[in-house]
Amino acid sequence: MKIQKDLLRNDVPAQGQLASDECVFVSHRDDADIKLLFLGNSITRHGKKTDIGWFGDYGMAASCEQNDYVHVLLSMLERDGKKPSYCVCNMSEWESSWNDALLGERYGKAAAFGADIAIVRLGENARLLDRAAEFMPHYMQLIDFFAKNGARVVVTDLFWEYEPFDTLVKDMAKSNGYGFAQIHDLGNMDEMKAVGKFDHAGVAAHPSDAGMKKIAERIYRAAFTDK
């Protein structure tokens, strides 16, 4: 069983990454021809937390908003001539609690966004050790909640590798016809993490600009080019 050490020692709290009334952000454009929903954790968006040396409000450890994977992917679509509206939803509270009641209570605005593509990029905070199979029904309920109006689903495995969950997600994606982006290999490479750029080890273990770019590229391939 392969497990990346950063998954075990991650000390960026799952709680309080964003205020409950700020965890869903929508950017709408009147001429949009595609709507993307990003469901994630601190890698997708984390608000300012000065006590751990994080001063951004975007994907943790990116050097700026435009370099996190969400905005890199949006830029790739714009280069293709697309006009995306998008919704970014930090689901770390649900992820760490497995409380499915939160889906409607806290994230209803994201479901109402009516995405064409729902990108599910989470799991690192779910305390999965020896419980990956137990988490999967909750994970699939999340997908059903956000994709009930027919959104195409794209999922990723973990940035910090945990083989049991990574395998389950890959198999689930194949069985359901979802797009799948493998990223667990990236977390095993220091050059894909912000090592040396932050004093806080948990923050520094998050994707660097290079890691964010790779994540965006792989999601793009899974969502728009893989058959």
# chains A, B, ... in the order shown; residues from 1 in each chain; ligands from 1
call {"tool": "select_by_dssp", "arguments": {"residues": "region 5-134 of chain A", "states": "helix (DSSP H, G or I)", "output": "ChimeraX atom specification"}}
result
/A:5-9,50-52,65-67,69-79,92-97,101-112,132-134
call {"tool": "select_by_dssp", "arguments": {"residues": "region 3-227 of chain A", "states": "strand (DSSP E or B)", "output": "PyMOL selection string"}}
result
chain A and resi 3+24-27+34-40+46+49+54+58+84-90+117-121+152-156+162+179-181+193+207
call {"tool": "atom_distance", "arguments": {"atom1": "CA of Asp171 (chain A)", "atom2": "CA of Ala110 (chain A)"}}
result
26.0 Å
call {"tool": "atom_distance", "arguments": {"atom1": "CA of Tyr69 (chain A)", "atom2": "CA of Leu18 (chain A)"}}
result
18.2 Å
call {"tool": "closest_residue", "arguments": {"among": "A:Arg221, A:His28, A:Lys49, A:His184", "to": "Pro13 (chain A)", "atoms": "only C-alpha atoms"}}
result
A:Lys49
call {"tool": "closest_residue", "arguments": {"among": "A:Ala126, A:Ile183, A:Ile119, A:Met172", "to": "Val155 (chain A)", "atoms": "only C-alpha atoms"}}
result
A:Ile119
call {"tool": "closest_atom_pairs", "arguments": {"of": "region 43-132 of chain A", "to": "region 157-169 of chain A", "cutoff": "8 Å", "atoms": "only C-alpha atoms", "output": "JSON lines"}}
result
{"residue": "A:Arg121", "atom": "CA", "partner": "A:Asp157", "partner_atom": "CA", "distance": 7.4}
{"residue": "A:Leu122", "atom": "CA", "partner": "A:Leu158", "partner_atom": "CA", "distance": 6.9}
{"residue": "A:Gly123", "atom": "CA", "partner": "A:Leu158", "partner_atom": "CA", "distance": 6.4}
{"residue": "A:Glu124", "atom": "CA", "partner": "A:Leu158", "partner_atom": "CA", "distance": 6.4}
{"residue": "A:Leu128", "atom": "CA", "partner": "A:Phe165", "partner_atom": "CA", "distance": 7.5}
{"residue": "A:Ala132", "atom": "CA", "partner": "A:Phe165", "partner_atom": "CA", "distance": 5.2}
call {"tool": "residues_around", "arguments": {"residues": "Gln15 (chain A)", "least_positions_apart": "4", "cutoff": "10 Å", "atoms": "only C-alpha atoms", "output": "list in words"}}
result
Ala19, Met91, Ser92, Glu93, Trp94, Glu95, Ser96, Ser97 and Asn125 of chain A
call {"tool": "residues_around", "arguments": {"residues": "region 188-197 of chain A", "least_positions_apart": "2", "cutoff": "10 Å", "atoms": "only C-alpha atoms", "output": "PyMOL selection string"}}
result
chain A and resi 3-6+60-63+159-161+183-186+199-215
call {"tool": "residues_around", "arguments": {"residues": "Leu37 (chain A)", "least_positions_apart": "4", "cutoff": "10 Å", "atoms": "only C-alpha atoms", "output": "MDAnalysis selection string"}}
result
chainID A and resid 25:26 70 85:89 110:111 113:120 146:147 151 153
call {"tool": "closest_residue", "arguments": {"among": "A:Leu36, A:Ala14, A:Leu8, A:Ile219", "to": "Pro84 (chain A)", "atoms": "only C-alpha atoms"}}
result
A:Leu36
call {"tool": "closest_residue", "arguments": {"among": "A:Asp33, A:Asn10, A:Gly177, A:Gly187", "to": "Gly81 (chain A)", "atoms": "only C-alpha atoms"}}
result
A:Asp33
call {"tool": "decode", "arguments": {"residues": "region 134-189 of chain A", "atoms": "C-alpha atoms", "output": "CSV table (one decimal), in the first residue's frame"}}
result
chain,number,residue,atom,x,y,z
A,134,GLU,CA,-16.3,3.8,3.9
A,135,PHE,CA,-15.9,7.2,2.4
A,136,MET,CA,-16.9,6.2,-1.2
A,137,PRO,CA,-20.7,6.2,-0.6
A,138,HIS,CA,-20.4,9.8,0.6
A,139,TYR,CA,-18.2,10.7,-2.3
A,140,MET,CA,-20.7,9.3,-4.8
A,141,GLN,CA,-23.6,11.1,-3.0
A,142,LEU,CA,-21.7,14.3,-3.5
A,143,ILE,CA,-21.4,13.6,-7.2
A,144,ASP,CA,-25.0,12.8,-7.5
A,145,PHE,CA,-26.0,16.0,-5.7
A,146,PHE,CA,-23.9,18.3,-7.9
A,147,ALA,CA,-24.4,16.5,-11.2
A,148,LYS,CA,-28.1,15.7,-10.9
A,149,ASN,CA,-28.9,18.1,-13.8
A,150,GLY,CA,-26.6,16.2,-16.2
A,151,ALA,CA,-23.2,17.8,-15.7
A,152,ARG,CA,-20.2,15.9,-17.0
A,153,VAL,CA,-18.1,14.8,-14.1
A,154,VAL,CA,-14.4,14.8,-13.9
A,155,VAL,CA,-12.6,13.4,-10.8
A,156,THR,CA,-9.0,13.3,-9.7
A,157,ASP,CA,-7.2,11.1,-7.2
A,158,LEU,CA,-5.2,12.6,-4.4
A,159,PHE,CA,-2.3,15.0,-4.7
A,160,TRP,CA,-0.7,13.2,-1.8
A,161,GLU,CA,-0.9,9.6,-2.8
A,162,TYR,CA,-3.0,7.1,-0.9
A,163,GLU,CA,-3.2,4.0,-3.0
A,164,PRO,CA,-6.5,2.5,-1.7
A,165,PHE,CA,-8.5,5.7,-2.3
A,166,ASP,CA,-6.7,6.5,-5.5
A,167,THR,CA,-7.6,3.1,-6.9
A,168,LEU,CA,-11.2,3.3,-5.8
A,169,VAL,CA,-11.7,6.7,-7.4
A,170,LYS,CA,-10.1,5.6,-10.7
A,171,ASP,CA,-12.3,2.5,-10.8
A,172,MET,CA,-15.4,4.4,-9.9
A,173,ALA,CA,-14.8,6.9,-12.7
A,174,LYS,CA,-14.3,4.2,-15.2
A,175,SER,CA,-17.5,2.4,-14.1
A,176,ASN,CA,-19.6,5.6,-14.4
A,177,GLY,CA,-18.1,7.1,-17.5
A,178,TYR,CA,-16.5,10.0,-15.6
A,179,GLY,CA,-13.4,11.8,-16.7
A,180,PHE,CA,-10.4,10.9,-14.6
A,181,ALA,CA,-7.2,12.8,-14.0
A,182,GLN,CA,-4.3,11.1,-12.2
A,183,ILE,CA,-2.3,13.5,-10.0
A,184,HIS,CA,-1.0,11.4,-7.2
A,185,ASP,CA,2.4,11.1,-8.7
A,186,LEU,CA,2.8,14.9,-8.6
A,187,GLY,CA,2.8,15.0,-4.8
A,188,ASN,CA,5.8,12.6,-4.7
A,189,MET,CA,8.0,15.3,-6.4
